[in-house]
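*Asks:* You'll find work07.cif just under this line, and it carries mmCIF, C-alpha atoms and all ligand atoms.
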```cif
data_upload
loop_
_atom_site.label_atom_id
_atom_site.label_comp_id
_atom_site.auth_asym_id
_atom_site.auth_seq_id
_atom_site.Cartn_x
_atom_site.Cartn_y
_atom_site.Cartn_z
CA MET A 46 -17.78 -2.33 -9.31
CA ALA A 47 -15.21 -4.05 -7.09
CA ILE A 48 -11.67 -3.99 -8.39
CA LEU A 49 -10.53 -6.16 -5.48
CA ASP A 50 -12.63 -9.00 -4.16
CA VAL A 51 -11.44 -11.07 -1.23
CA LYS A 52 -13.58 -14.02 -0.19
CA ASN A 53 -13.24 -16.26 2.85
CA VAL A 54 -9.51 -15.81 3.15
CA GLY A 55 -7.85 -17.69 5.99
CA LYS A 56 -4.19 -17.85 7.00
CA ARG A 57 -2.62 -19.79 9.82
CA PHE A 58 0.91 -19.49 11.24
CA GLY A 59 1.54 -22.68 13.20
CA GLY A 60 -0.94 -22.56 16.05
CA LEU A 61 -2.08 -19.03 15.33
CA GLN A 62 -5.08 -18.38 13.10
CA ALA A 63 -3.96 -14.95 11.84
CA LEU A 64 -6.86 -14.55 9.38
CA SER A 65 -10.19 -16.31 9.18
CA ASN A 66 -13.19 -15.77 6.92
CA VAL A 67 -11.93 -12.47 5.61
CA ASN A 68 -14.25 -10.90 3.06
CA LEU A 69 -13.30 -7.57 1.57
CA SER A 70 -14.61 -5.78 -1.45
CA VAL A 71 -12.87 -2.63 -2.62
CA ALA A 72 -14.79 -0.52 -5.14
CA GLU A 73 -12.89 0.91 -8.10
CA ASN A 74 -11.61 4.47 -7.73
CA THR A 75 -12.29 4.72 -4.02
CA VAL A 76 -10.11 5.02 -0.95
CA HIS A 77 -10.77 2.07 1.34
CA ALA A 78 -9.17 1.95 4.79
CA ILE A 79 -8.48 -1.18 6.78
CA ILE A 80 -8.13 -0.48 10.47
CA GLY A 81 -7.85 -2.60 13.59
CA PRO A 82 -5.77 -3.14 16.70
CA ASN A 83 -2.16 -4.34 16.61
CA GLY A 84 -1.95 -7.98 15.63
CA ALA A 85 -5.41 -7.94 13.99
CA GLY A 86 -3.96 -9.38 10.78
CA LYS A 87 -3.88 -6.26 8.62
CA SER A 88 -0.35 -6.74 7.26
CA THR A 89 -0.95 -10.46 6.83
CA LEU A 90 -3.99 -9.67 4.71
CA LEU A 91 -1.98 -7.26 2.59
CA ASN A 92 0.74 -9.86 2.15
CA CYS A 93 -1.90 -12.27 0.85
CA LEU A 94 -2.99 -9.71 -1.75
CA VAL A 95 0.48 -9.17 -3.19
CA GLY A 96 1.67 -12.76 -3.29
CA LYS A 97 4.09 -12.49 -0.39
CA LEU A 98 1.92 -14.99 1.50
CA ILE A 99 -0.43 -17.59 0.10
CA PRO A 100 -3.71 -17.90 2.00
CA ASP A 101 -4.72 -21.37 3.21
CA THR A 102 -8.32 -20.83 2.13
CA GLY A 103 -10.41 -18.45 0.06
CA SER A 104 -9.96 -16.40 -3.08
CA VAL A 105 -8.43 -13.07 -4.02
CA MET A 106 -9.66 -11.58 -7.28
CA PHE A 107 -8.21 -8.44 -8.84
CA ASP A 108 -10.11 -7.01 -11.77
CA GLY A 109 -11.81 -10.36 -12.34
CA GLN A 110 -8.59 -12.40 -12.25
CA SER A 111 -7.27 -14.54 -9.44
CA VAL A 112 -3.98 -13.43 -7.93
CA LEU A 113 -3.50 -16.69 -6.04
CA GLY A 114 -0.55 -18.76 -7.17
CA ARG A 115 1.05 -15.79 -8.91
CA LYS A 116 4.44 -14.42 -7.93
CA PRO A 117 4.70 -10.94 -6.38
CA TYR A 118 6.18 -9.44 -9.56
CA GLU A 119 3.40 -10.96 -11.66
CA ILE A 120 0.78 -9.45 -9.35
CA ASN A 121 2.63 -6.16 -9.60
CA GLN A 122 2.41 -6.38 -13.38
CA MET A 123 -1.33 -6.99 -13.09
CA GLY A 124 -1.57 -3.49 -11.63
CA ILE A 125 -1.19 -3.81 -7.85
CA SER A 126 1.56 -1.77 -6.22
CA ARG A 127 2.39 -1.82 -2.55
CA VAL A 128 4.01 0.60 -0.11
CA PHE A 129 5.62 -1.19 2.83
CA GLN A 130 5.39 -0.37 6.53
CA THR A 131 9.01 0.79 6.56
CA PRO A 132 10.18 2.74 3.49
CA GLU A 133 11.83 0.49 0.93
CA ILE A 134 14.14 2.83 -0.87
CA PHE A 135 17.85 2.63 -1.57
CA GLY A 136 19.53 5.04 0.84
CA ASP A 137 22.88 5.04 -0.97
CA LEU A 138 21.29 6.03 -4.27
CA THR A 139 20.06 9.50 -5.15
CA VAL A 140 16.39 10.34 -5.40
CA MET A 141 16.65 10.26 -9.19
CA GLU A 142 18.45 6.91 -9.21
CA ASN A 143 15.76 5.43 -7.01
CA MET A 144 13.11 6.79 -9.32
CA LEU A 145 14.79 5.28 -12.38
CA ILE A 146 14.36 1.75 -11.03
CA PRO A 147 10.56 1.42 -11.38
CA CYS A 148 10.59 3.52 -14.55
CA PHE A 149 13.01 1.11 -16.11
CA ALA A 150 11.13 -1.93 -14.78
CA LYS A 151 7.88 -0.59 -16.24
CA ARG A 152 9.36 -0.44 -19.70
CA ASP A 153 11.20 -3.76 -19.67
CA GLY A 154 8.93 -5.90 -17.52
CA ALA A 155 10.49 -7.64 -14.54
CA PHE A 156 13.22 -5.62 -12.90
CA GLN A 157 16.72 -6.95 -13.38
CA LEU A 158 19.65 -6.22 -11.14
CA ASN A 159 21.76 -4.62 -13.82
CA ALA A 160 18.93 -2.24 -14.68
CA LEU A 161 20.72 0.84 -13.41
CA SER A 162 23.79 0.33 -15.55
CA ARG A 163 21.71 -0.33 -18.63
CA VAL A 164 19.48 2.67 -18.06
CA VAL A 165 22.25 5.23 -18.52
CA GLY A 166 21.57 7.37 -21.53
CA GLN A 167 18.08 6.08 -22.13
CA ARG A 168 16.20 9.30 -22.58
CA GLU A 169 12.60 8.15 -22.42
CA VAL A 170 13.14 6.41 -19.09
CA ILE A 171 14.91 9.43 -17.65
CA ASP A 172 12.12 11.70 -18.92
CA HIS A 173 9.53 9.53 -17.22
CA ALA A 174 11.46 9.58 -13.94
CA GLU A 175 11.85 13.36 -14.08
CA HIS A 176 8.19 13.77 -14.90
CA MET A 177 7.23 11.66 -11.88
CA LEU A 178 9.53 13.64 -9.58
CA ARG A 179 8.10 16.93 -10.85
CA ASP A 180 4.59 15.61 -10.32
CA MET A 181 5.45 14.65 -6.75
CA ASN A 182 7.21 17.97 -5.99
CA MET A 183 10.54 16.24 -5.54
CA ILE A 184 12.43 17.42 -8.59
CA ASP A 185 14.55 19.87 -6.52
CA LYS A 186 15.76 16.96 -4.40
CA ARG A 187 16.75 14.67 -7.27
CA HIS A 188 20.49 14.79 -6.52
CA MET A 189 20.10 14.15 -2.78
CA HIS A 190 20.88 10.75 -1.35
CA ALA A 191 17.64 9.06 -0.39
CA ALA A 192 19.03 8.33 3.10
CA SER A 193 19.21 12.05 3.84
CA LEU A 194 15.56 12.75 3.07
CA SER A 195 13.07 13.51 5.84
CA ARG A 196 10.75 10.69 6.85
CA GLY A 197 7.90 12.32 4.94
CA ASP A 198 10.01 12.72 1.79
CA LYS A 199 11.22 9.12 1.97
CA ARG A 200 7.59 8.06 1.99
CA ARG A 201 6.82 10.48 -0.84
CA LEU A 202 9.65 8.99 -2.91
CA GLU A 203 8.46 5.48 -2.22
CA ILE A 204 4.91 6.35 -3.24
CA ALA A 205 6.26 8.03 -6.39
CA MET A 206 8.22 4.86 -7.20
CA CYS A 207 5.02 2.83 -6.90
CA LEU A 208 3.06 5.27 -9.06
CA ALA A 209 5.70 5.24 -11.79
CA GLN A 210 4.42 1.78 -12.67
CA ASN A 211 0.93 3.15 -13.20
CA PRO A 212 -0.84 0.81 -10.81
CA ARG A 213 -4.62 0.57 -10.74
CA LEU A 214 -4.57 -0.40 -7.08
CA LEU A 215 -2.18 1.19 -4.60
CA LEU A 216 -1.82 -0.61 -1.25
CA LEU A 217 -0.31 1.25 1.68
CA ASP A 218 0.64 -0.31 5.02
CA GLU A 219 0.64 2.36 7.73
CA PRO A 220 2.23 5.03 5.53
CA THR A 221 2.36 7.62 8.31
CA ALA A 222 3.73 5.34 11.07
CA GLY A 223 6.36 7.16 13.10
CA MET A 224 5.83 10.47 11.32
CA ALA A 225 5.60 13.89 12.92
CA ARG A 226 2.27 15.67 12.42
CA ALA A 227 3.57 17.92 9.62
CA ASP A 228 4.84 14.94 7.60
CA THR A 229 1.58 13.10 8.25
CA ASN A 230 -0.41 16.04 6.92
CA ASN A 231 1.83 16.24 3.85
CA THR A 232 1.22 12.54 3.22
CA ILE A 233 -2.55 13.05 3.51
CA ASP A 234 -2.36 15.91 0.99
CA LEU A 235 -0.20 13.82 -1.34
CA LEU A 236 -2.66 10.92 -1.30
CA LYS A 237 -5.56 13.31 -1.91
CA GLN A 238 -3.69 14.79 -4.86
CA ILE A 239 -2.98 11.32 -6.27
CA LYS A 240 -6.64 10.38 -5.92
CA GLU A 241 -7.77 13.53 -7.72
CA GLU A 242 -5.30 13.34 -10.57
CA ARG A 243 -5.29 9.63 -11.32
CA ASP A 244 -7.53 6.78 -12.18
CA ILE A 245 -6.56 4.80 -9.13
CA THR A 246 -7.97 2.81 -6.23
CA ILE A 247 -6.27 3.11 -2.86
CA ALA A 248 -6.44 0.60 -0.01
CA ILE A 249 -4.75 1.90 3.10
CA ILE A 250 -3.95 0.24 6.42
CA GLU A 251 -3.69 2.97 9.00
CA HIS A 252 -3.75 3.32 12.75
CA ASP A 253 -3.93 7.13 12.79
CA MET A 254 -7.65 7.95 12.78
CA HIS A 255 -6.96 11.49 11.57
CA VAL A 256 -5.49 9.99 8.40
CA VAL A 257 -8.29 7.45 8.06
CA PHE A 258 -11.08 10.00 8.40
CA SER A 259 -9.32 12.49 6.10
CA LEU A 260 -9.11 10.01 3.23
CA ALA A 261 -11.34 6.96 3.45
CA GLU A 262 -14.69 6.54 1.74
CA ARG A 263 -15.16 3.04 3.18
CA ILE A 264 -13.63 1.47 6.24
CA THR A 265 -13.22 -2.18 7.15
CA VAL A 266 -12.45 -2.91 10.79
CA LEU A 267 -10.40 -6.04 11.33
CA ALA A 268 -10.19 -7.61 14.78
CA GLN A 269 -8.50 -10.89 15.66
CA GLY A 270 -8.12 -11.83 12.03
CA THR A 271 -11.67 -11.30 10.94
CA PRO A 272 -13.74 -8.32 9.70
CA LEU A 273 -15.83 -6.84 12.49
CA VAL A 274 -17.69 -4.28 10.44
CA GLU A 275 -17.46 -2.46 7.11
CA ASP A 276 -19.12 0.91 6.62
CA THR A 277 -18.78 4.61 5.82
CA PRO A 278 -16.49 6.72 8.06
CA ASP A 279 -19.47 8.49 9.66
CA ARG A 280 -21.07 5.27 10.73
CA ILE A 281 -17.78 3.67 11.81
CA LYS A 282 -17.07 6.59 14.14
CA GLY A 283 -19.98 5.84 16.42
CA HIS A 284 -20.04 2.08 16.05
CA PRO A 285 -20.13 0.35 19.45
CA LYS A 286 -18.18 -2.71 18.24
CA VAL A 287 -15.42 -0.46 16.94
CA LYS A 288 -15.19 1.43 20.21
CA GLU A 289 -14.99 -1.88 21.99
CA ALA A 290 -12.26 -3.31 19.73
CA TYR A 291 -10.20 -0.13 19.96
CA LEU A 292 -10.82 1.34 23.33
CA GLY A 293 -11.89 -1.71 25.29
CA GLU A 294 -15.10 0.11 26.21
P1 LIG B 1 -1.27 -6.19 12.13
O1 LIG B 1 -0.61 -5.78 10.87
O2 LIG B 1 -2.75 -6.01 12.13
O3 LIG B 1 -0.64 -5.54 13.35
P2 LIG B 1 -0.13 -8.80 11.51
O4 LIG B 1 -0.82 -9.18 10.27
O5 LIG B 1 1.25 -8.26 11.39
O6 LIG B 1 -1.04 -7.76 12.34
O7 LIG B 1 -0.08 -10.02 12.51
C1 LIG B 1 -1.24 -10.80 12.82
C2 LIG B 1 -0.81 -11.92 13.74
O8 LIG B 1 -0.02 -12.87 13.01
C3 LIG B 1 0.07 -11.47 14.90
O9 LIG B 1 -0.25 -12.22 16.03
C4 LIG B 1 1.47 -11.76 14.40
O10 LIG B 1 2.35 -11.99 15.48
C5 LIG B 1 1.26 -13.00 13.57
N1 LIG B 1 2.21 -13.12 12.45
C6 LIG B 1 2.35 -12.25 11.44
N2 LIG B 1 3.27 -12.69 10.55
C7 LIG B 1 3.70 -13.88 11.02
C8 LIG B 1 4.65 -14.85 10.54
N3 LIG B 1 5.32 -14.67 9.39
N4 LIG B 1 4.84 -15.96 11.30
C9 LIG B 1 4.18 -16.15 12.46
N5 LIG B 1 3.26 -15.29 12.95
C10 LIG B 1 3.03 -14.17 12.25
MG MG B 2 0.93 -4.41 10.42
#
```
Please express the file's structure as structure tokens.
*Replies:*
Amino acid sequence: MAILDVKNVGKRFGGLQALSNVNLSVAENTVHAIIGPNGAGKSTLLNCLVGKLIPDTGSVMFDGQSVLGRKPYEINQMGISRVFQTPEIFGDLTVMENMLIPCFAKRDGAFQLNALSRVVGQREVIDHAEHMLRDMNMIDKRHMHAASLSRGDKRRLEIAMCLAQNPRLLLLDEPTAGMARADTNNTIDLLKQIKEERDITIAIIEHDMHVVFSLAERITVLAQGTPLVEDTPDRIKGHPKVKEAYLGE
């Protein structure tokens, strides 16, 4: 069954048709990769799923409910959590303080700016944050400032912050961009672990084919704002249209 169902989505920026006739169906509890050349519309599509952009046409259904017209935080509460292209963590806060933010938001609904001051002394929230950090192998780093973490660990923290809200669908936009090979491999292992241990669907935008083929069960290739082909990794690998879109062959 599809947990995410995108039909005929179109999005225009002025004179540029960034997305047109996008259909995408993501099956529950799978890892689905969205690949495609730079400028293909991958991030725009993701933004349409989380309420950051509103498509001009089409529908986006999550678990049978439309996300269109809902605010990003409402979509987040429906069970969609998103990891951005550049890590969105608070560098001046410690790892633990960062982790407390989504844990607190989960308990009290929409996150409020004074959350951190109110959270002090609230045991259950702190327990949840510690549990998440232990789960993600970051408990030893809880007193470090987030800014001083390695690129891989920043990404790990950000993913942990998303998972603390118990999403049913985790969206990742190029999570390994700019990473060294070792950090990339750690991120692959982390996502595999998450997939094994949780009831979760993962949709990942990724340009690194090593990452894509290590994780994805289905792959959608986007080119010039529209899906070129959707198939299993094995079939995508040898697909002539994919070679053409990527390698100009
Ligand atoms: P990808 O993530 O696949 O690299 P994007 O979705 O970021 O591609 O961009 C698709 C196209 O839309 C690009 O040509 C980009 O320049 C354009 N674009 C993206 N966001 C905006 C925006 N907010 N305003 C105008 N053009 C945009
Ligand atoms: Mg992008």
*Asks:* Rank nothing, just name the residue among A:Leu90, A:Leu260, A:Ile245, A:Ile239 nearest to ligand MG 2 (chain B), using only C-alpha atoms and all ligand atoms.
*Replies:*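 Result for the nearest residue to ligand MG 2 (chain B): A:Leu90.
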*Asks:* So what do you get for atom CA of A:Glu262 versus atom O9 of ligand LIG 1 (chain B), distance-wise?
*Replies:*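 Separation between atom CA of A:Glu262 and atom O9 of ligand LIG 1 (chain B): 27.7 Å.
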*Asks:* When you count all atoms listed in the file, which of these residues is closest to A:Val67: A:Glu203, A:Glu251, A:Asp101, A:Glu169?
*Replies:* A:Asp101
*Asks:* Please measure the separation of atom CA of A:Ala261 and atom C5 of ligand LIG 1 (chain B), giving the value in Å to one decimal.
*Replies:*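 Answer for the atom CA of A:Ala261 to atom C5 of ligand LIG 1 (chain B) separation: 25.7 Å.
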*Asks:* Could you give me, as a Markdown table, every chain A residue with an atom at most 6 Å from ligand LIG 1 (chain B), plus its closest atom pair and distance in Å to one decimal, counting all atoms listed in the file, rows ordered by chain then number?
*Replies:*
```
| residue | atom | partner | partner_atom | distance |
| --- | --- | --- | --- | --- |
| A:Phe58 | CA | B:LIG1 | C9 | 4.8 |
| A:Ala63 | CA | B:LIG1 | O8 | 4.6 |
| A:Asn83 | CA | B:LIG1 | O3 | 3.8 |
| A:Gly84 | CA | B:LIG1 | O6 | 3.4 |
| A:Ala85 | CA | B:LIG1 | O2 | 3.8 |
| A:Gly86 | CA | B:LIG1 | O4 | 3.2 |
| A:Lys87 | CA | B:LIG1 | O2 | 3.7 |
| A:Ser88 | CA | B:LIG1 | O1 | 3.7 |
| A:Thr89 | CA | B:LIG1 | O4 | 3.7 |
```
*Asks:* Within 9 Å of stretch 275-291 of chain A, counting all atoms listed in the file, which residues qualify if same-chain residues fewer than 5 places away don't, as a short mmCIF file (atom, residue, chain, number, x, y, z; two decimals) with C-alpha atoms, in the frame of the given file?
*Replies:*
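The resulting file, result.cif, is shown below:
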```
data_model
loop_
_atom_site.label_atom_id
_atom_site.label_comp_id
_atom_site.auth_asym_id
_atom_site.auth_seq_id
_atom_site.Cartn_x
_atom_site.Cartn_y
_atom_site.Cartn_z
CA LEU A 69 -13.30 -7.57 1.57
CA GLY A 81 -7.85 -2.60 13.59
CA PRO A 82 -5.77 -3.14 16.70
CA VAL A 257 -8.29 7.45 8.06
CA PHE A 258 -11.08 10.00 8.40
CA ALA A 261 -11.34 6.96 3.45
CA GLU A 262 -14.69 6.54 1.74
CA ARG A 263 -15.16 3.04 3.18
CA ILE A 264 -13.63 1.47 6.24
CA THR A 265 -13.22 -2.18 7.15
CA VAL A 266 -12.45 -2.91 10.79
CA LEU A 267 -10.40 -6.04 11.33
CA ALA A 268 -10.19 -7.61 14.78
#
```
*Asks:* Please report the interatomic distance between atom CA of A:Asp253 and atom CA of A:Val128 in Å with one decimal.
*Replies:*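 So the two atoms, atom CA of A:Asp253 and atom CA of A:Val128, lie 16.5 Å apart.
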*Asks:* Considering only C-alpha atoms, return as a VMD selection string whatever protein or nucleic-acid residues lie within 10 Å of A:Gly223, sequence-local ones (same chain, fewer than 5 positions apart) excluded.
*Replies:* chain A and resid 131 196 to 197 228 to 229
*Asks:* Hey, what's within 10 Å of A:Cys93 if we count all atoms listed in the file and toss same-chain stuff fewer than 2 positions away? As a PDB file with C-alpha atoms, keeping the file's coordinate frame, please?
*Replies:*
```
ATOM      1  CA  VAL A  51     -11.440 -11.070  -1.230  1.00  0.00           C
ATOM      2  CA  VAL A  54      -9.510 -15.810   3.150  1.00  0.00           C
ATOM      3  CA  GLY A  55      -7.850 -17.690   5.990  1.00  0.00           C
ATOM      4  CA  LYS A  56      -4.190 -17.850   7.000  1.00  0.00           C
ATOM      5  CA  SER A  88      -0.350  -6.740   7.260  1.00  0.00           C
ATOM      6  CA  THR A  89      -0.950 -10.460   6.830  1.00  0.00           C
ATOM      7  CA  LEU A  90      -3.990  -9.670   4.710  1.00  0.00           C
ATOM      8  CA  LEU A  91      -1.980  -7.260   2.590  1.00  0.00           C
ATOM      9  CA  VAL A  95       0.480  -9.170  -3.190  1.00  0.00           C
ATOM     10  CA  GLY A  96       1.670 -12.760  -3.290  1.00  0.00           C
ATOM     11  CA  LYS A  97       4.090 -12.490  -0.390  1.00  0.00           C
ATOM     12  CA  LEU A  98       1.920 -14.990   1.500  1.00  0.00           C
ATOM     13  CA  ILE A  99      -0.430 -17.590   0.100  1.00  0.00           C
ATOM     14  CA  PRO A 100      -3.710 -17.900   2.000  1.00  0.00           C
ATOM     15  CA  ASP A 101      -4.720 -21.370   3.210  1.00  0.00           C
ATOM     16  CA  SER A 104      -9.960 -16.400  -3.080  1.00  0.00           C
ATOM     17  CA  VAL A 105      -8.430 -13.070  -4.020  1.00  0.00           C
ATOM     18  CA  VAL A 112      -3.980 -13.430  -7.930  1.00  0.00           C
ATOM     19  CA  LEU A 113      -3.500 -16.690  -6.040  1.00  0.00           C
ATOM     20  CA  PRO A 117       4.700 -10.940  -6.380  1.00  0.00           C
TER      21      PRO A 117
END
```
*Asks:* Pick from A:Ser70, A:Asn121, A:Gln269, A:Thr221: nearest to A:Arg200, with only C-alpha atoms counted?
*Replies:*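 Of A:Ser70, A:Asn121, A:Gln269, A:Thr221, the one nearest A:Arg200, counting only C-alpha atoms, is A:Thr221.
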*Asks:* Calculated over all atoms listed in the file, which of the candidates A:Leu194, A:Ile48, A:Ala222, A:Ala78 has the smallest distance to A:Ala248?
*Replies:*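 The closest residue to A:Ala248 is A:Ala78.
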*Asks:* For stretch 224-254 of chain A, which lacks atoms in the input, supply N, CA and C atoms and format the output as a short mmCIF file (atom, residue, chain, number, x, y, z; two decimals), in the coordinates of the input.
*Replies:*
```
data_model
loop_
_atom_site.label_atom_id
_atom_site.label_comp_id
_atom_site.auth_asym_id
_atom_site.auth_seq_id
_atom_site.Cartn_x
_atom_site.Cartn_y
_atom_site.Cartn_z
N MET A 224 5.64 9.14 11.88
CA MET A 224 5.83 10.47 11.32
C MET A 224 5.38 11.56 12.29
N ALA A 225 6.06 12.71 12.20
CA ALA A 225 5.60 13.89 12.92
C ALA A 225 4.33 14.40 12.23
N ARG A 226 3.57 15.22 12.94
CA ARG A 226 2.27 15.67 12.42
C ARG A 226 2.38 16.37 11.05
N ALA A 227 3.43 17.19 10.88
CA ALA A 227 3.57 17.92 9.62
C ALA A 227 3.77 16.95 8.45
N ASP A 228 4.61 15.94 8.65
CA ASP A 228 4.84 14.94 7.60
C ASP A 228 3.57 14.13 7.34
N THR A 229 2.85 13.83 8.40
CA THR A 229 1.58 13.10 8.25
C THR A 229 0.61 13.91 7.39
N ASN A 230 0.51 15.20 7.70
CA ASN A 230 -0.41 16.04 6.92
C ASN A 230 0.02 16.15 5.46
N ASN A 231 1.33 16.21 5.23
CA ASN A 231 1.83 16.24 3.85
C ASN A 231 1.47 14.95 3.12
N THR A 232 1.55 13.83 3.84
CA THR A 232 1.22 12.54 3.22
C THR A 232 -0.27 12.47 2.89
N ILE A 233 -1.10 13.00 3.79
CA ILE A 233 -2.55 13.05 3.51
C ILE A 233 -2.80 13.87 2.24
N ASP A 234 -2.17 15.05 2.17
CA ASP A 234 -2.36 15.91 0.99
C ASP A 234 -1.88 15.22 -0.28
N LEU A 235 -0.74 14.52 -0.17
CA LEU A 235 -0.20 13.82 -1.34
C LEU A 235 -1.19 12.75 -1.82
N LEU A 236 -1.73 11.99 -0.90
CA LEU A 236 -2.66 10.92 -1.30
C LEU A 236 -3.95 11.51 -1.88
N LYS A 237 -4.39 12.64 -1.33
CA LYS A 237 -5.56 13.31 -1.91
C LYS A 237 -5.28 13.76 -3.34
N GLN A 238 -4.09 14.32 -3.52
CA GLN A 238 -3.69 14.79 -4.86
C GLN A 238 -3.65 13.62 -5.86
N ILE A 239 -3.07 12.51 -5.41
CA ILE A 239 -2.98 11.32 -6.27
C ILE A 239 -4.37 10.85 -6.66
N LYS A 240 -5.26 10.84 -5.70
CA LYS A 240 -6.64 10.38 -5.92
C LYS A 240 -7.36 11.27 -6.94
N GLU A 241 -7.11 12.59 -6.81
CA GLU A 241 -7.77 13.53 -7.72
C GLU A 241 -7.24 13.43 -9.14
N GLU A 242 -5.93 13.22 -9.26
CA GLU A 242 -5.30 13.34 -10.57
C GLU A 242 -5.25 12.03 -11.35
N ARG A 243 -5.48 10.92 -10.66
CA ARG A 243 -5.29 9.63 -11.32
C ARG A 243 -6.51 8.75 -11.24
N ASP A 244 -6.51 7.81 -12.16
CA ASP A 244 -7.53 6.78 -12.18
C ASP A 244 -7.01 5.65 -11.30
N ILE A 245 -7.22 5.76 -10.01
CA ILE A 245 -6.56 4.80 -9.13
C ILE A 245 -7.44 4.47 -7.92
N THR A 246 -7.29 3.25 -7.44
CA THR A 246 -7.97 2.81 -6.23
C THR A 246 -6.90 2.70 -5.14
N ILE A 247 -7.24 3.15 -3.95
CA ILE A 247 -6.27 3.11 -2.86
C ILE A 247 -6.84 2.30 -1.69
N ALA A 248 -6.08 1.31 -1.24
CA ALA A 248 -6.44 0.60 -0.01
C ALA A 248 -5.34 0.88 1.00
N ILE A 249 -5.74 1.41 2.13
CA ILE A 249 -4.75 1.90 3.10
C ILE A 249 -4.99 1.28 4.48
N ILE A 250 -3.93 0.70 5.02
CA ILE A 250 -3.95 0.24 6.42
C ILE A 250 -3.42 1.40 7.24
N GLU A 251 -4.13 1.78 8.27
CA GLU A 251 -3.69 2.97 9.00
C GLU A 251 -4.19 2.93 10.43
N HIS A 252 -3.32 3.31 11.35
CA HIS A 252 -3.75 3.32 12.75
C HIS A 252 -4.12 4.74 13.19
N ASP A 253 -3.66 5.74 12.44
CA ASP A 253 -3.93 7.13 12.79
C ASP A 253 -5.32 7.52 12.26
N MET A 254 -6.26 7.71 13.18
CA MET A 254 -7.65 7.95 12.78
C MET A 254 -7.81 9.28 12.03
#
```
